[in-house]
Amino acid sequence: MNKHFFDRLLKGEETLAVIGLGYVGLPIALAFARKVKVLGFDINQERVALMRQGIDPSNELTSEAFKDCNIRFSSDAEDLNEVSFYIVAVPTPIDDANLPDLKPLLSATRSVAGSLTKGNYVVFESTVYPGCTEEDCIPVLEELSGLTYNIDFFVGYSPERINPGDKVHTLENVVKIVSGSTPEALETVASVYELVVDAGVHRAPTIKVAEAAKIIENTQRDVNIALINELSIIFNKLNINTYDVLEAAGTKWNFLNFTPGLVGGHCIGVDPYYLTHRAQQAGYHSKVITSGRYVNDSMGFYIAKQTVKKVIAQGKVIQQSRALIMGVTFKEDVTDIRNSKVIDIVNELKSYQMSVDLVDPHASSEEMHHEYGVSLVSAPVDKYDAIIVAVNHREYAALDEAYFSSLMATEQGVFIDVKGLYKGKIHRLEYWSL
């Protein structure tokens, strides 16, 4: 470990920066700001203005999280000149062809390179394919800074494990994977993260191992959920309730606890594509992972088609029918609507010329319109032929069949319970769940 650098960091003589202050970067920045001097950097000036007021634009943290923090927020790249330890936590999305989109990552890397000086450390937290840090990011750092990797500056990779909406598995109590470009860099990076991660760190032997470990965490979940989603399709054809089957099978000690559902968001629905892309470059066409992605990406359309079939079965003209979708965020009890698969249900229903209303107690109507071209209604305003509870927000848990019946056009409306929240509680309406 570079003890001289570490001591200077603890004394406030060196500055740590977190680049990218989304749902991953901001909690990290605030955690470090209780220990060392921090610069929180984001190119979005509106977000920076909110954070200066103690407001989390992602609505994950309360104003209390900003108290007693030695942090300055900025969108001015010139402020990065004072930094000696950089943490890059920008998004790594996919494009319309499901290929890795490294533009945000490389843009952030260029910003760091413009301020990089001798003795600095750069740690990447963004989820990438194995080899990305060394093959894509480090050459940019070297070229734009004029410095030599592992002589003038050092690099680490420590994948984020932030789970939006989860107040239990936080940065402090989840083991953090760390890696470094040299043994000394590894120990320095580990020591810095040990300041804020009470659960400790796991030292990966190489940067590529750390990258691979992160990407298989979400790929493993994706494949397992895809299996359960496929089973739910099979059980639907066999007229068996999937949740009854899972409850029975779950009595065995080693049965894995996965449930069917929509797989969206920034991680599980995205990361496997980074791995399959890298595998393709290496000459291997992934079969299991790609198949799992296909199943999970098709579930929104499947749910919509099941809804349409049940509405038609009740003798209604689909073009004159109306559906209410409750919940549009990518998961329960969060505000984030990016990469939400609920929009697939909306688009499929509209392709049948069915009218669709959307409600959500957490989502922004303006953001929905900007992202998907559809807006929310403030409250259900009409009689519906089908109601789809797509996201299990806590506000929905206490609702009963009488409430849903009051919104239906007829006594025999279709009720779609995507995640089985109301299993055993709906008796009069036409009930269906995955």
# chains A, B, ... in the order shown; residues from 1 in each chain; ligands from 1
call {"tool": "residues_around", "arguments": {"residues": "Ala204 (chain A)", "least_positions_apart": "3", "cutoff": "6 Å", "atoms": "only C-alpha atoms", "output": "list in words"}}
result
Val178, Ser179 and Ala210 of chain A
call {"tool": "write_last_selection", "arguments": {"atoms": "N, CA and C atoms", "output": "compact mmCIF listing (two decimals), in the first residue's frame"}}
result
# COMPACT_ATOMS: atom_id res chain seq x y z
N VAL A 178 -12.46 -5.86 -4.87
CA VAL A 178 -11.49 -4.85 -5.31
C VAL A 178 -10.40 -5.54 -6.11
N SER A 179 -9.80 -4.77 -6.99
CA SER A 179 -8.66 -5.26 -7.77
C SER A 179 -7.76 -4.07 -8.10
N ALA A 210 -12.19 -9.43 -11.48
CA ALA A 210 -13.18 -8.58 -10.83
C ALA A 210 -14.30 -8.19 -11.80
call {"tool": "closest_atom_pairs", "arguments": {"of": "region 165-222 of chain A", "to": "region 295-300 of chain A", "cutoff": "12 Å", "atoms": "only C-alpha atoms", "output": "CSV"}}
result
residue,atom,partner,partner_atom,distance
A:Thr219,CA,A:Asn296,CA,11.9
A:Arg221,CA,A:Asn296,CA,11.2
A:Asp222,CA,A:Asn296,CA,7.8
call {"tool": "residues_around", "arguments": {"residues": "region 308-317 of chain A", "least_positions_apart": "5", "cutoff": "12 Å", "atoms": "only C-alpha atoms", "output": "ChimeraX atom specification"}}
result
/A:301-303,322-323,345-346,348-355,384-388,408-416,429-432
call {"tool": "closest_residue", "arguments": {"among": "A:Ile55, A:Val334, A:Ile177, A:Leu434", "to": "Glu230 (chain A)", "atoms": "only C-alpha atoms"}}
result
A:Leu434
call {"tool": "decode", "arguments": {"residues": "region 306-349 of chain A", "atoms": "C-alpha atoms", "output": "mmCIF file, in the first residue's frame"}}
result
data_model
loop_
_atom_site.group_PDB
_atom_site.id
_atom_site.type_symbol
_atom_site.label_atom_id
_atom_site.label_comp_id
_atom_site.auth_asym_id
_atom_site.auth_seq_id
_atom_site.Cartn_x
_atom_site.Cartn_y
_atom_site.Cartn_z
ATOM 1 C CA GLN A 306 -52.646 -13.271 -22.284
ATOM 2 C CA THR A 307 -54.590 -10.173 -21.243
ATOM 3 C CA VAL A 308 -56.013 -9.679 -24.729
ATOM 4 C CA LYS A 309 -57.040 -13.342 -25.009
ATOM 5 C CA LYS A 310 -58.917 -13.191 -21.711
ATOM 6 C CA VAL A 311 -60.691 -9.943 -22.579
ATOM 7 C CA ILE A 312 -61.817 -11.394 -25.926
ATOM 8 C CA ALA A 313 -62.941 -14.585 -24.164
ATOM 9 C CA GLN A 314 -65.365 -12.451 -22.150
ATOM 10 C CA GLY A 315 -67.083 -11.454 -25.382
ATOM 11 C CA LYS A 316 -65.663 -7.944 -25.575
ATOM 12 C CA VAL A 317 -64.431 -6.122 -28.667
ATOM 13 C CA ILE A 318 -60.761 -5.542 -28.019
ATOM 14 C CA GLN A 319 -60.633 -2.281 -30.013
ATOM 15 C CA GLN A 320 -63.295 -0.869 -27.691
ATOM 16 C CA SER A 321 -61.701 -2.147 -24.498
ATOM 17 C CA ARG A 322 -59.663 -0.279 -21.919
ATOM 18 C CA ALA A 323 -56.859 -1.498 -19.641
ATOM 19 C CA LEU A 324 -55.367 -0.003 -16.509
ATOM 20 C CA ILE A 325 -51.703 -0.757 -15.784
ATOM 21 C CA MET A 326 -50.634 -0.192 -12.188
ATOM 22 C CA GLY A 327 -46.901 0.347 -11.790
ATOM 23 C CA VAL A 328 -44.437 1.400 -14.496
ATOM 24 C CA THR A 329 -41.043 1.545 -12.731
ATOM 25 C CA PHE A 330 -38.480 -1.177 -13.358
ATOM 26 C CA LYS A 331 -38.965 -2.608 -9.842
ATOM 27 C CA GLU A 332 -41.078 -2.042 -6.759
ATOM 28 C CA ASP A 333 -40.772 1.038 -4.526
ATOM 29 C CA VAL A 334 -38.320 2.966 -6.729
ATOM 30 C CA THR A 335 -38.842 5.977 -8.998
ATOM 31 C CA ASP A 336 -36.632 4.826 -11.870
ATOM 32 C CA ILE A 337 -38.483 4.051 -15.110
ATOM 33 C CA ARG A 338 -35.439 3.515 -17.335
ATOM 34 C CA ASN A 339 -35.381 0.138 -19.076
ATOM 35 C CA SER A 340 -38.714 -0.783 -17.514
ATOM 36 C CA LYS A 341 -40.257 -3.741 -19.315
ATOM 37 C CA VAL A 342 -43.767 -2.542 -18.427
ATOM 38 C CA ILE A 343 -43.605 -0.450 -21.590
ATOM 39 C CA ASP A 344 -43.578 -3.702 -23.595
ATOM 40 C CA ILE A 345 -46.999 -4.522 -22.134
ATOM 41 C CA VAL A 346 -48.239 -1.040 -23.041
ATOM 42 C CA ASN A 347 -46.996 -1.208 -26.628
ATOM 43 C CA GLU A 348 -48.359 -4.695 -27.205
ATOM 44 C CA LEU A 349 -51.827 -3.780 -25.884
#
